[in-house]
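Listing of upload.txt, compact mmCIF, C-alpha atoms and all ligand atoms
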# COMPACT_ATOMS: atom_id res chain seq x y z
CA MET A 1 118.20 72.14 41.95
CA VAL A 2 117.11 69.65 44.60
CA THR A 3 118.79 66.25 44.30
CA ASP A 4 116.50 63.27 44.54
CA ILE A 5 118.10 61.12 47.26
CA MET A 6 116.19 58.07 46.08
CA PRO A 7 115.45 58.08 42.33
CA LEU A 8 112.48 55.74 41.78
CA ARG A 9 111.21 54.93 38.31
CA ARG A 10 107.71 53.64 39.04
CA ILE A 11 105.67 51.10 40.96
CA ASP A 12 106.55 47.93 39.07
CA HIS A 13 104.08 45.61 40.75
CA LEU A 14 102.09 44.85 43.87
CA ARG A 15 102.52 41.42 45.38
CA PHE A 16 99.39 40.16 47.12
CA PHE A 17 99.81 37.21 49.45
CA VAL A 18 96.54 35.27 49.30
CA GLY A 19 95.00 32.00 50.44
CA ASN A 20 94.30 30.66 46.96
CA ALA A 21 96.21 32.44 44.20
CA ARG A 22 94.54 30.48 41.44
CA GLN A 23 91.07 31.57 42.51
CA SER A 24 92.21 35.16 43.20
CA ALA A 25 93.61 35.28 39.67
CA TYR A 26 90.21 34.20 38.38
CA PHE A 27 88.58 37.03 40.35
CA TYR A 28 90.94 39.79 39.21
CA ARG A 29 90.75 38.51 35.65
CA ASN A 30 87.00 38.15 35.37
CA ALA A 31 85.88 40.93 37.72
CA PHE A 32 88.60 43.58 37.20
CA GLY A 33 89.64 42.78 33.63
CA PHE A 34 93.27 41.79 34.19
CA ASP A 35 95.05 39.51 31.73
CA VAL A 36 96.85 36.60 33.43
CA VAL A 37 100.25 36.66 31.72
CA GLY A 38 102.57 34.60 33.89
CA TYR A 39 102.60 31.67 36.26
CA GLY A 40 105.10 30.29 38.73
CA GLY A 41 104.67 27.06 40.66
CA LEU A 42 105.70 23.45 40.84
CA GLU A 43 105.78 23.17 37.01
CA THR A 44 108.19 26.13 36.70
CA GLY A 45 110.55 25.18 39.51
CA LEU A 46 109.01 27.04 42.49
CA ARG A 47 108.82 24.51 45.29
CA ASN A 48 106.86 26.10 48.10
CA GLU A 49 104.52 28.66 46.50
CA ALA A 50 102.43 29.35 43.42
CA GLY A 51 102.05 32.77 41.84
CA TYR A 52 100.13 34.40 39.00
CA VAL A 53 101.20 37.58 37.20
CA LEU A 54 98.27 39.75 36.13
CA ARG A 55 98.52 42.77 33.90
CA GLN A 56 96.26 45.58 32.70
CA GLY A 57 97.72 48.74 31.16
CA ASP A 58 100.82 49.56 33.24
CA ILE A 59 99.44 47.77 36.30
CA THR A 60 100.98 44.47 37.40
CA PHE A 61 99.66 42.40 40.29
CA VAL A 62 101.35 39.24 41.48
CA LEU A 63 99.13 36.90 43.48
CA ALA A 64 101.04 34.30 45.47
CA SER A 65 99.95 31.48 47.79
CA PRO A 66 101.89 28.99 49.92
CA LEU A 67 101.93 25.38 48.75
CA ARG A 68 103.20 23.86 51.96
CA GLU A 69 102.78 24.02 55.70
CA ASP A 70 106.34 25.29 56.26
CA HIS A 71 106.00 28.34 53.99
CA PRO A 72 106.99 31.38 56.08
CA GLY A 73 103.99 33.31 54.72
CA ASN A 74 101.40 31.07 56.39
CA ALA A 75 101.47 33.08 59.60
CA ARG A 76 100.83 36.30 57.70
CA LEU A 77 97.77 34.75 56.03
CA ALA A 78 96.33 33.76 59.41
CA LYS A 79 96.99 37.27 60.70
CA HIS A 80 95.95 39.46 57.76
CA GLY A 81 93.90 37.35 55.39
CA ASP A 82 94.62 38.26 51.79
CA GLY A 83 96.46 41.53 51.37
CA VAL A 84 99.28 43.48 49.82
CA GLN A 85 102.57 42.07 51.03
CA ASP A 86 104.97 44.07 48.90
CA ILE A 87 105.01 47.29 46.91
CA ALA A 88 107.77 46.72 44.35
CA ILE A 89 109.46 49.80 42.96
CA GLU A 90 111.65 49.80 39.87
CA VAL A 91 114.97 51.59 40.33
CA ASP A 92 118.16 52.10 38.29
CA ASP A 93 120.43 50.69 40.99
CA VAL A 94 118.99 48.03 43.29
CA ALA A 95 121.99 47.55 45.59
CA GLY A 96 122.64 51.29 45.78
CA SER A 97 119.00 52.06 46.66
CA TYR A 98 119.00 49.38 49.35
CA GLU A 99 122.28 50.54 50.91
CA SER A 100 121.24 54.19 50.86
CA ALA A 101 117.83 53.36 52.39
CA LEU A 102 119.56 51.40 55.19
CA SER A 103 122.03 54.23 55.77
CA ARG A 104 119.04 56.51 56.44
CA GLY A 105 117.39 54.12 58.89
CA ALA A 106 115.41 51.59 56.84
CA ILE A 107 115.22 48.01 58.10
CA GLY A 108 116.51 45.50 55.56
CA ILE A 109 114.39 42.41 54.81
CA THR A 110 116.19 40.85 51.84
CA PRO A 111 119.70 41.98 50.94
CA PRO A 112 120.46 42.72 47.27
CA SER A 113 120.50 39.60 45.13
CA LYS A 114 120.67 38.70 41.45
CA LEU A 115 118.22 36.03 40.34
CA GLU A 116 119.26 34.39 37.11
CA ASP A 117 117.69 32.09 34.53
CA GLU A 118 117.88 31.65 30.75
CA PHE A 119 116.11 35.03 30.27
CA GLY A 120 118.75 37.04 32.07
CA ILE A 121 119.35 38.68 35.43
CA TYR A 122 116.66 40.07 37.73
CA LYS A 123 117.91 42.21 40.60
CA THR A 124 115.99 42.59 43.84
CA ALA A 125 116.29 43.78 47.47
CA SER A 126 113.62 44.58 50.09
CA ILE A 127 113.13 46.89 53.05
CA LEU A 128 110.39 47.08 55.67
CA ALA A 129 107.56 49.64 55.41
CA TYR A 130 104.48 50.02 57.70
CA GLY A 131 103.38 46.89 59.53
CA ASP A 132 104.95 43.93 57.78
CA THR A 133 104.41 45.46 54.34
CA THR A 134 107.67 45.67 52.39
CA HIS A 135 109.14 47.71 49.55
CA THR A 136 111.19 45.79 47.04
CA PHE A 137 113.68 47.67 44.90
CA MET A 138 113.95 45.77 41.62
CA ASN A 139 115.38 46.07 38.13
CA ARG A 140 114.88 43.91 35.04
CA ASP A 141 116.90 45.93 32.51
CA GLU A 142 118.90 42.76 31.85
CA TYR A 143 115.91 40.44 32.03
CA ASP A 144 113.72 39.36 29.09
CA GLY A 145 111.35 36.89 30.74
CA VAL A 146 107.66 37.38 31.45
CA PHE A 147 108.19 38.59 35.03
CA ALA A 148 111.07 37.16 37.07
CA PRO A 149 112.97 33.91 37.40
CA GLY A 150 110.57 31.16 38.48
CA TYR A 151 107.75 32.53 36.30
CA LEU A 152 106.85 31.55 32.74
CA PRO A 153 104.16 32.75 30.33
CA LEU A 154 100.82 31.25 31.28
CA ASP A 155 100.14 27.93 29.62
CA PRO A 156 96.57 28.33 28.27
CA GLU A 157 96.20 24.54 28.05
CA ARG A 158 96.49 24.29 31.81
CA TYR A 159 95.05 27.56 33.10
CA GLY A 160 92.29 28.54 30.72
CA SER A 161 92.34 30.48 27.50
CA ARG A 162 88.91 32.06 27.16
CA ARG A 163 89.26 35.65 26.02
CA PHE A 164 89.00 38.09 28.88
CA HIS A 165 87.50 41.57 28.75
CA PRO A 166 89.71 44.47 29.85
CA ALA A 167 88.22 47.18 32.08
CA TYR A 168 90.37 49.98 30.57
CA LEU A 169 92.45 50.49 33.73
CA THR A 170 95.77 52.15 32.91
CA SER A 171 98.00 52.64 35.97
CA ILE A 172 98.26 52.80 39.75
CA ASP A 173 97.33 56.35 40.74
CA HIS A 174 98.02 56.06 44.48
CA LEU A 175 98.27 53.50 47.22
CA VAL A 176 96.92 54.18 50.70
CA GLY A 177 98.32 52.78 53.94
CA ASN A 178 96.51 52.60 57.29
CA VAL A 179 98.66 52.89 60.41
CA GLU A 180 97.85 52.97 64.14
CA GLU A 181 96.74 56.09 65.99
CA GLY A 182 99.73 58.37 66.56
CA GLN A 183 101.90 56.63 63.93
CA MET A 184 101.07 58.67 60.82
CA ASP A 185 103.81 61.27 61.34
CA LYS A 186 106.37 58.55 61.97
CA TRP A 187 105.61 56.99 58.57
CA VAL A 188 105.44 60.33 56.79
CA GLY A 189 108.91 60.90 58.30
CA PHE A 190 110.07 57.50 57.06
CA TYR A 191 109.07 58.29 53.48
CA GLU A 192 110.63 61.76 53.68
CA ARG A 193 113.88 60.73 55.32
CA VAL A 194 114.49 57.27 53.87
CA MET A 195 112.78 57.45 50.49
CA GLY A 196 113.20 61.15 49.62
CA PHE A 197 109.44 61.75 49.41
CA SER A 198 107.83 65.11 50.18
CA GLN A 199 104.51 65.90 51.77
CA LEU A 200 101.88 66.84 49.24
CA ALA A 201 98.73 67.33 51.27
CA HIS A 202 97.22 66.70 54.64
CA PHE A 203 93.69 66.27 55.89
CA ASP A 204 92.77 66.50 59.52
CA ASP A 205 89.72 65.44 61.41
CA LYS A 206 87.94 68.72 60.62
CA ASP A 207 88.11 67.85 56.93
CA ILE A 208 87.02 64.29 57.29
CA SER A 209 85.06 63.67 60.41
CA THR A 210 81.49 62.57 60.18
CA GLU A 211 78.98 62.34 62.96
CA TYR A 212 80.59 59.12 64.10
CA SER A 213 84.16 58.55 63.14
CA ALA A 214 87.20 60.44 62.00
CA LEU A 215 90.60 59.94 60.49
CA MET A 216 93.68 61.92 59.67
CA SER A 217 95.63 61.58 56.47
CA LYS A 218 98.85 62.89 54.98
CA VAL A 219 99.96 62.32 51.41
CA VAL A 220 103.61 61.82 50.51
CA GLN A 221 104.98 61.64 46.98
CA SER A 222 108.26 60.52 45.49
CA GLY A 223 110.87 62.97 44.23
CA SER A 224 109.61 62.53 40.67
CA GLY A 225 105.98 62.92 41.78
CA ARG A 226 105.11 59.64 40.09
CA ILE A 227 104.43 57.66 43.26
CA LYS A 228 101.86 58.86 45.79
CA PHE A 229 101.22 57.24 49.16
CA PRO A 230 98.50 58.72 51.39
CA ILE A 231 98.86 57.49 54.99
CA ASN A 232 95.86 57.37 57.33
CA GLU A 233 95.55 57.06 61.07
CA PRO A 234 92.38 56.94 63.15
CA ALA A 235 91.31 60.12 64.94
CA GLU A 236 88.97 60.28 67.85
CA GLY A 237 85.31 60.09 66.87
CA LEU A 238 82.09 59.19 68.59
CA LYS A 239 82.34 55.63 67.33
CA ARG A 240 84.96 53.34 65.92
CA SER A 241 86.51 54.72 62.74
CA GLN A 242 86.88 52.84 59.48
CA ILE A 243 90.65 52.88 60.07
CA GLU A 244 90.28 51.16 63.44
CA GLU A 245 88.00 48.60 61.82
CA TYR A 246 90.68 47.94 59.22
CA LEU A 247 93.46 47.66 61.82
CA GLU A 248 91.40 45.20 63.83
CA PHE A 249 90.55 42.92 60.92
CA TYR A 250 93.91 43.20 59.13
CA GLY A 251 95.72 42.63 62.41
CA GLY A 252 97.78 45.81 62.14
CA PRO A 253 98.92 48.40 59.60
CA GLY A 254 98.75 47.66 55.89
CA VAL A 255 97.54 48.75 52.48
CA GLN A 256 93.96 49.97 52.71
CA HIS A 257 93.13 50.81 49.12
CA ILE A 258 94.66 50.83 45.70
CA ALA A 259 93.56 53.60 43.35
CA LEU A 260 93.59 52.50 39.72
CA ALA A 261 93.45 55.13 36.99
CA THR A 262 91.34 55.04 33.84
CA ASN A 263 90.92 57.47 30.93
CA ASP A 264 87.23 56.63 30.68
CA ILE A 265 85.66 56.01 34.06
CA ILE A 266 82.18 55.52 32.61
CA LYS A 267 83.39 52.69 30.38
CA THR A 268 85.48 51.21 33.22
CA VAL A 269 82.74 51.29 35.86
CA THR A 270 80.12 50.00 33.40
CA THR A 271 82.41 47.04 32.70
CA LEU A 272 83.19 46.40 36.38
CA ARG A 273 79.50 46.55 37.30
CA ASP A 274 78.66 44.12 34.49
CA ASN A 275 81.30 41.87 36.07
CA ASP A 276 79.51 42.13 39.45
CA VAL A 277 82.07 44.30 41.26
CA SER A 278 80.27 45.90 44.25
CA PHE A 279 80.69 49.64 44.82
CA LEU A 280 79.80 51.96 47.68
CA ARG A 281 76.74 54.11 46.93
CA VAL A 282 76.05 57.66 48.05
CA PRO A 283 72.46 58.97 48.32
CA GLN A 284 70.74 60.58 45.29
CA THR A 285 70.89 63.98 47.08
CA TYR A 286 74.65 63.96 46.33
CA TYR A 287 73.80 64.26 42.62
CA ASP A 288 71.06 66.84 43.16
CA LEU A 289 73.70 69.13 44.70
CA LEU A 290 76.46 68.24 42.25
CA PRO A 291 75.96 70.85 39.45
CA GLN A 292 76.20 73.80 41.85
CA ARG A 293 79.22 72.29 43.65
CA ILE A 294 81.21 71.24 40.59
CA GLY A 295 80.17 73.45 37.67
CA TYR A 296 80.63 72.21 34.13
CA ILE A 297 82.08 68.76 33.53
CA GLU A 298 82.33 66.78 30.29
CA GLU A 299 80.48 63.75 31.61
CA ASP A 300 76.70 63.37 31.79
CA ILE A 301 75.66 63.74 35.44
CA ASN A 302 72.72 61.35 35.05
CA CYS A 303 75.11 58.73 33.80
CA LEU A 304 77.46 59.36 36.76
CA ALA A 305 74.49 59.13 39.16
CA GLU A 306 73.36 55.85 37.66
CA LEU A 307 76.84 54.36 38.08
CA GLY A 308 77.47 56.00 41.48
CA ILE A 309 80.59 57.90 40.33
CA LEU A 310 81.69 60.83 42.54
CA VAL A 311 83.13 64.16 41.36
CA ASP A 312 85.38 66.73 43.03
CA ARG A 313 86.98 69.93 41.80
CA ASP A 314 89.98 72.00 42.90
CA GLU A 315 91.99 74.90 41.41
CA GLU A 316 93.61 72.65 38.81
CA GLY A 317 90.58 70.83 37.46
CA TYR A 318 88.31 68.00 38.49
CA LEU A 319 88.42 64.29 39.15
CA LEU A 320 85.95 61.43 39.02
CA GLN A 321 86.21 58.56 41.49
CA ILE A 322 84.37 55.57 42.90
CA PHE A 323 85.21 53.03 45.61
CA THR A 324 84.54 49.31 45.70
CA LYS A 325 83.42 47.53 48.82
CA PRO A 326 86.15 45.40 50.43
CA VAL A 327 87.09 42.62 47.99
CA GLU A 328 87.17 39.91 50.63
CA ASP A 329 85.22 38.92 53.74
CA ARG A 330 87.49 40.81 56.11
CA PRO A 331 86.63 44.54 55.87
CA THR A 332 90.15 45.41 54.76
CA VAL A 333 91.45 45.97 51.21
CA PHE A 334 89.33 47.79 48.62
CA PHE A 335 89.87 49.57 45.32
CA GLU A 336 89.30 53.08 44.03
CA ILE A 337 88.77 53.82 40.35
CA ILE A 338 89.86 57.35 39.44
CA GLN A 339 89.91 59.55 36.34
CA ARG A 340 91.69 62.89 36.56
CA HIS A 341 90.77 65.95 34.51
CA GLY A 342 93.58 68.21 35.72
CA SER A 343 92.98 67.81 39.44
CA GLN A 344 95.90 66.22 41.28
CA SER A 345 94.11 65.92 44.63
CA PHE A 346 92.23 63.07 46.29
CA GLY A 347 88.57 64.05 46.37
CA LYS A 348 88.37 65.89 49.68
CA GLY A 349 84.93 67.21 48.73
CA ASN A 350 83.67 63.62 48.66
CA PHE A 351 85.05 62.51 52.02
CA LYS A 352 81.91 63.20 54.02
CA ALA A 353 79.47 61.48 51.64
CA LEU A 354 81.90 58.63 51.21
CA PHE A 355 82.61 58.05 54.87
CA GLU A 356 78.89 58.09 55.62
CA ALA A 357 78.51 55.39 52.97
CA ILE A 358 81.33 53.39 54.61
CA GLU A 359 79.70 53.83 58.01
CA ARG A 360 76.42 52.42 56.68
CA GLU A 361 78.40 49.31 55.73
CA GLN A 362 80.17 49.28 59.12
CA TYR A 363 76.77 49.47 60.79
CA LEU A 364 75.68 46.36 58.87
CA ARG A 365 78.86 44.61 60.01
CA GLY A 366 78.29 45.66 63.64
CA THR A 367 81.69 47.35 63.74
CA LEU A 368 80.70 51.01 64.03
FE FE2 A 401 92.25 57.15 47.31

Take the structure in the file and write it out as structure tokens.
Ligand code: FE2
Amino acid sequence: MVTDIMPLRRIDHLRFFVGNARQSAYFYRNAFGFDVVGYGGLETGLRNEAGYVLRQGDITFVLASPLREDHPGNARLAKHGDGVQDIAIEVDDVAGSYESALSRGAIGITPPSKLEDEFGIYKTASILAYGDTTHTFMNRDEYDGVFAPGYLPLDPERYGSRRFHPAYLTSIDHLVGNVEEGQMDKWVGFYERVMGFSQLAHFDDKDISTEYSALMSKVVQSGSGRIKFPINEPAEGLKRSQIEEYLEFYGGPGVQHIALATNDIIKTVTTLRDNDVSFLRVPQTYYDLLPQRIGYIEEDINCLAELGILVDRDEEGYLLQIFTKPVEDRPTVFFEIIQRHGSQSFGKGNFKALFEAIEREQYLRGTL
């Protein structure tokens, strides 16, 4: 039996550092169907930032903003705009995970600490990942509060109480990082060596080059298989690749997209579209060719075509997926919605149609 050198339970939450957490919370609540369950700020004892805890299914996002000029995160906002600052992973043993990661070459950001309030003890420690993205190891087995010390359940009197409408999202399926040209293998190595991940799949420029731009991608997964991180780097193409565009506008490596799982993609995408979430579209010809490429699927193809949902099949089954446009003005972070019917892959058969759709958007932005 292979021992897992870094037992990881699950992705506990993603911390987004944003310019205006209150307005971002409104967006993720009303566009993506998250419930806002917790708040931290001046009223709860946080002195230099405000944060909102959003939840849908097993997915937790924390949106935080600086309240003052001397907040150390201000420089990152100027550099990146809004983005994922931290991928927090729940572990059995926070201090042990941190020490073992450092012993295998990780760079420590925050040494192990115990945060305490009347709800118990919250343990946390952080290491550096690609760019200035971090991984926090955390554990709240001895903590009963809504999220962590400094956060309290949202007060509906102050922050709104209108019923929200969920979008039936259940969990984080995978989280994709973009790194600079030539750096992909270094980061694959980091996840293998430091975090005990193994390589699941790789795609090279033959798989995913279009007429214009190309990228390379390798997928690593945790020992338990529960956490999957594809890592992209730009490959040489005729024009600037979508990864280079991201690196330019994010100001370096970072999280490119977050894939959120649903058990009913038609219901989810219908809801998101009603909420005005913008998705990439592929041409109608994609759907004309779909039956011969995919064979039988449970869903109605006309319905998929109307919503713009993509399908791919491999030996294990099929998957349905769709991608939003970037969710801010910088062409950086976007979301994928995915439903798996057996397939554990990433939609390789859709790469070409998808990247051509992205390139049409890049063309409009003058960044192709
Ligand atoms: Fe993806």

Quick one, how far is CA of Leu290 (chain A) from CA of Leu320 (chain A)? 12.1 Å

Could I get the residues of chain A with an atom no further than 8 Å from an atom of ligand FE2 401 (chain A), each paired with its nearest atom pair and that distance in Å to one decimal, using only C-alpha atoms and all ligand atoms, sorted by chain and residue number, as a Markdown table?
| residue | atom | partner | partner_atom | distance |
| --- | --- | --- | --- | --- |
| A:His174 | CA | A:FE2_401 | FE | 6.5 |
| A:Leu175 | CA | A:FE2_401 | FE | 7.0 |
| A:Val176 | CA | A:FE2_401 | FE | 6.5 |
| A:Pro230 | CA | A:FE2_401 | FE | 7.6 |
| A:His257 | CA | A:FE2_401 | FE | 6.7 |
| A:Ile258 | CA | A:FE2_401 | FE | 7.0 |
| A:Ala259 | CA | A:FE2_401 | FE | 5.5 |
| A:Glu336 | CA | A:FE2_401 | FE | 6.0 |
| A:Phe346 | CA | A:FE2_401 | FE | 6.0 |
| A:Gly347 | CA | A:FE2_401 | FE | 7.9 |

Would you kindly return, as a list in words, each protein, DNA or RNA residue with an atom no farther than 7 Å from any atom of Glu142 (chain A), considering only C-alpha atoms and excluding same-chain residues fewer than 6 positions away?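 So, after excluding close chain neighbours, the residues are Gly120, Ile121 and Tyr122 of chain A.
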
Could you tell me how far CA of Arg55 (chain A) lies from CA of Met6 (chain A), in Å and to one decimal? 26.4 Å

Under the rule of at most 8 Å, produce a per-residue listing of region 46-90 of chain A near region 20-33 of chain A: chain, number, name, the closest pair of atoms, and the distance in Å, as JSON lines, using only C-alpha atoms.
{"residue": "A:Ala50", "atom": "CA", "partner": "A:Ala21", "partner_atom": "CA", "distance": 7.0}
{"residue": "A:Gly51", "atom": "CA", "partner": "A:Ala21", "partner_atom": "CA", "distance": 6.3}
{"residue": "A:Tyr52", "atom": "CA", "partner": "A:Ala25", "partner_atom": "CA", "distance": 6.6}
{"residue": "A:Leu54", "atom": "CA", "partner": "A:Ala25", "partner_atom": "CA", "distance": 7.4}
{"residue": "A:Gln56", "atom": "CA", "partner": "A:Gly33", "partner_atom": "CA", "distance": 7.2}
{"residue": "A:Leu63", "atom": "CA", "partner": "A:Ala21", "partner_atom": "CA", "distance": 5.4}
{"residue": "A:Ala64", "atom": "CA", "partner": "A:Ala21", "partner_atom": "CA", "distance": 5.3}
{"residue": "A:Ser65", "atom": "CA", "partner": "A:Ala21", "partner_atom": "CA", "distance": 5.3}

Nearest to Gly317 (chain A): which of A:Phe351, A:Tyr363, A:Phe334, A:Tyr296 is it, counting all atoms listed in the file? A:Tyr296

Enclose all atoms of region 54-73 of chain A listed in the file in an axis-aligned box, grow every side by 5 Å, and hand back centre and edge lengths in Å to one decimal, as AutoDock Vina command-line options.
--center_x 101.6 --center_y 36.7 --center_z 43.7 --size_x 20.7 --size_y 35.7 --size_z 35.1

Applying 12 Å and all atoms listed in the file, which residues near Leu128 (chain A) remain after dropping the ones on its own chain fewer than 5 positions away? List them as an mmCIF file with C-alpha atoms, in the frame of the given file.
data_model
loop_
_atom_site.group_PDB
_atom_site.id
_atom_site.type_symbol
_atom_site.label_atom_id
_atom_site.label_comp_id
_atom_site.auth_asym_id
_atom_site.auth_seq_id
_atom_site.Cartn_x
_atom_site.Cartn_y
_atom_site.Cartn_z
ATOM 1 C CA GLN A 85 102.570 42.070 51.030
ATOM 2 C CA ASP A 86 104.970 44.070 48.900
ATOM 3 C CA ILE A 87 105.010 47.290 46.910
ATOM 4 C CA ALA A 88 107.770 46.720 44.350
ATOM 5 C CA TYR A 98 119.000 49.380 49.350
ATOM 6 C CA ALA A 101 117.830 53.360 52.390
ATOM 7 C CA LEU A 102 119.560 51.400 55.190
ATOM 8 C CA GLY A 105 117.390 54.120 58.890
ATOM 9 C CA ALA A 106 115.410 51.590 56.840
ATOM 10 C CA ILE A 107 115.220 48.010 58.100
ATOM 11 C CA GLY A 108 116.510 45.500 55.560
ATOM 12 C CA ILE A 109 114.390 42.410 54.810
ATOM 13 C CA THR A 110 116.190 40.850 51.840
ATOM 14 C CA PRO A 111 119.700 41.980 50.940
ATOM 15 C CA THR A 133 104.410 45.460 54.340
ATOM 16 C CA THR A 134 107.670 45.670 52.390
ATOM 17 C CA HIS A 135 109.140 47.710 49.550
ATOM 18 C CA THR A 136 111.190 45.790 47.040
ATOM 19 C CA PHE A 137 113.680 47.670 44.900
ATOM 20 C CA TRP A 187 105.610 56.990 58.570
ATOM 21 C CA PHE A 190 110.070 57.500 57.060
ATOM 22 C CA TYR A 191 109.070 58.290 53.480
ATOM 23 C CA VAL A 194 114.490 57.270 53.870
ATOM 24 C CA MET A 195 112.780 57.450 50.490
ATOM 25 C CA GLY A 254 98.750 47.660 55.890
#

How far is it from CA of Gln344 (chain A) to CA of Glu181 (chain A), in Å with one decimal? 26.7 Å
